[in-house]
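The structure appears below as structure tokens.
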Amino acid sequence: MDIYKKVFTISKLLSKINRWYRAFFIFVVAQLNLVPGGQVGFQCNDPALSHPYTGDTVNWKWLIGITILLPLVVLLITERQQYNHEIAKKQAFCWCKEYLYGFLLNLTIVQAIKLIVGSPRPHFFETCEPNEALTCKESEYVSSYTCTTAHWLQQSNKSFPSGHTSLAVYAAVFITYYLYRRGRTLNSKMVSTVQIVSLSSAVLCSFSRIWDRRHHWWDVIAGAVIALLLLVYTISTLCNDFYCSSPKSQVNKEQDMPVKNETDT
């Protein structure tokens with residue numbers, strides 16, 4: 001009974017904590033490895049884990065900048081084309097807030113799975129340099145190992161799923177669907193161009209994770225699936241399919257206001 005009381009107390013406490021704090025707390029725990037994670041072993045001399053490390057075609061700074069700043073700019077510009085400045089800001093802020101929360105959830109889930117699974121990257125042998133790889137026999141499976149390269153101690157076994165892919169797909173599909181729903185009054189060629197560029201960028205980012213040998217192909221697919229599932233939640237539940245009640249009610253009020261007839265004296 002004491003255990004149930006403790007669980008109930010913790011659940012009640014968490015329910016009172018801001019959703020942003022809960023998600024951010026889990027992200028920090030996963031990112032900093034504050035709890036023990038999983039560890040998938042390797043097969044001795046596995047060619048799939050023997051690729052050289054060549055860096056990132058799309059680094060984290062560019063990824064975060066594009067996937068956060070670009071959607072916010074698109075949202076604000078689109079809403080300003082439809083409403084006056086004040087309503088546009090409130091409308092854009094409403095959806096920006098939900099987009100960023102979904103973005104944080106995406107990042108949190110990906111990092112948590114990386115920690116739980118502990119899958120070796122394609123450049124595992126070069127960047128981890130496990131002692132066990134020097135003594136194992138041909139085709140022998142090593143279930144437990146220790147990395148000797150300090151810089152890569154916490155990164156060499158975080159291949160699954162691909163965070164770059166998940167964030168890029170999340171941002172691109174969000175922008176594409178948002179413009180489909182809200183950009184009908186804008187120039188159709190401009191809307192189509194932004195949609196195509198967004199989706200193409202997500203595809204290129206995803207493929208770059210494979211040819212950079214940072215992820216396996218199944219890591220990339222898993223990252224895309226996570227993004228799509230979160231998009232369903234973000235768009236349908238958080239953004240209400242891009243019908244925001246607060247700004248919308250203000251628009252309706254403006255539309256319901258009586259218009260003075262210019263012929264009246």
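Residues are referred to by chain and number: the chain letter is A, B, ... according to the order shown in the structure tokens, the number counts from 1 in that chain, and ligands are numbered separately from 1 in the order shown.
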(request) Show which residues sit within 8 Å of Cys44 of chain A, as a ChimeraX atom specification. Count only C-alpha atoms, and ignore same-chain residues fewer than 3 positions away. (result) /A:133,136-142
Which residues, written as a PDB file with C-alpha atoms, in the first residue's frame, have at least one atom at most 12 Å from segment 224-231 of chain A, with only C-alpha atoms counted and residues fewer than 5 positions away on the same chain left out?
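Generated output (part01.pdb):
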ATOM      1  CA  GLU A  98       2.547  24.355 -29.825  1.00  0.00           C
ATOM      2  CA  TYR A  99       5.090  23.726 -32.581  1.00  0.00           C
ATOM      3  CA  LEU A 100       7.967  24.298 -30.170  1.00  0.00           C
ATOM      4  CA  TYR A 101       6.400  22.036 -27.563  1.00  0.00           C
ATOM      5  CA  GLY A 102       6.046  19.269 -30.149  1.00  0.00           C
ATOM      6  CA  PHE A 103       9.648  19.959 -31.162  1.00  0.00           C
ATOM      7  CA  LEU A 104      10.771  19.526 -27.547  1.00  0.00           C
ATOM      8  CA  LEU A 105       8.758  16.300 -27.242  1.00  0.00           C
ATOM      9  CA  ASN A 106      10.385  15.025 -30.426  1.00  0.00           C
ATOM     10  CA  LEU A 107      13.862  15.784 -29.125  1.00  0.00           C
ATOM     11  CA  THR A 108      13.050  14.252 -25.744  1.00  0.00           C
ATOM     12  CA  ILE A 109      11.635  11.012 -27.142  1.00  0.00           C
ATOM     13  CA  VAL A 110      14.550  10.563 -29.545  1.00  0.00           C
ATOM     14  CA  GLN A 111      17.158  11.120 -26.836  1.00  0.00           C
ATOM     15  CA  ILE A 113      15.221   6.012 -26.994  1.00  0.00           C
ATOM     16  CA  PHE A 160      19.054   4.552 -33.056  1.00  0.00           C
ATOM     17  CA  PRO A 161      16.987   6.544 -33.940  1.00  0.00           C
ATOM     18  CA  SER A 162      18.235   9.442 -36.068  1.00  0.00           C
ATOM     19  CA  GLY A 163      17.618  12.755 -34.320  1.00  0.00           C
ATOM     20  CA  HIS A 164      18.529  14.836 -37.374  1.00  0.00           C
ATOM     21  CA  THR A 165      15.985  12.997 -39.497  1.00  0.00           C
ATOM     22  CA  SER A 166      13.255  13.218 -36.888  1.00  0.00           C
ATOM     23  CA  LEU A 167      13.615  16.978 -36.392  1.00  0.00           C
ATOM     24  CA  ALA A 168      14.009  17.728 -40.117  1.00  0.00           C
ATOM     25  CA  VAL A 169      10.929  15.702 -41.071  1.00  0.00           C
ATOM     26  CA  TYR A 170       8.932  17.211 -38.205  1.00  0.00           C
ATOM     27  CA  ALA A 171       9.704  20.780 -39.316  1.00  0.00           C
ATOM     28  CA  ALA A 172       9.252  20.153 -43.057  1.00  0.00           C
ATOM     29  CA  VAL A 173       5.917  18.343 -42.842  1.00  0.00           C
ATOM     30  CA  PHE A 174       4.605  20.853 -40.297  1.00  0.00           C
ATOM     31  CA  ILE A 175       5.408  23.763 -42.625  1.00  0.00           C
ATOM     32  CA  THR A 176       3.988  21.938 -45.651  1.00  0.00           C
ATOM     33  CA  TYR A 177       0.689  21.057 -44.004  1.00  0.00           C
ATOM     34  CA  TYR A 178       0.382  24.447 -42.312  1.00  0.00           C
ATOM     35  CA  ALA A 202      14.250  17.039 -44.976  1.00  0.00           C
ATOM     36  CA  VAL A 203      14.930  14.289 -47.517  1.00  0.00           C
ATOM     37  CA  CYS A 205      19.155  15.797 -44.411  1.00  0.00           C
ATOM     38  CA  SER A 206      17.886  12.251 -43.891  1.00  0.00           C
ATOM     39  CA  PHE A 207      20.009  10.771 -46.655  1.00  0.00           C
ATOM     40  CA  TRP A 217      19.200   3.191 -42.774  1.00  0.00           C
ATOM     41  CA  TRP A 218      16.795   1.791 -40.184  1.00  0.00           C
ATOM     42  CA  ASP A 219      17.771   4.579 -37.773  1.00  0.00           C
ATOM     43  CA  SER A 236      -4.600  17.510 -34.557  1.00  0.00           C
ATOM     44  CA  THR A 237      -4.463  17.926 -30.767  1.00  0.00           C
ATOM     45  CA  LEU A 238      -2.212  20.863 -29.921  1.00  0.00           C
ATOM     46  CA  CYS A 239      -2.954  23.050 -32.953  1.00  0.00           C
ATOM     47  CA  ASN A 240      -6.535  21.819 -33.466  1.00  0.00           C
ATOM     48  CA  ASP A 241      -5.822  21.349 -37.173  1.00  0.00           C
TER      49      ASP A 241
END
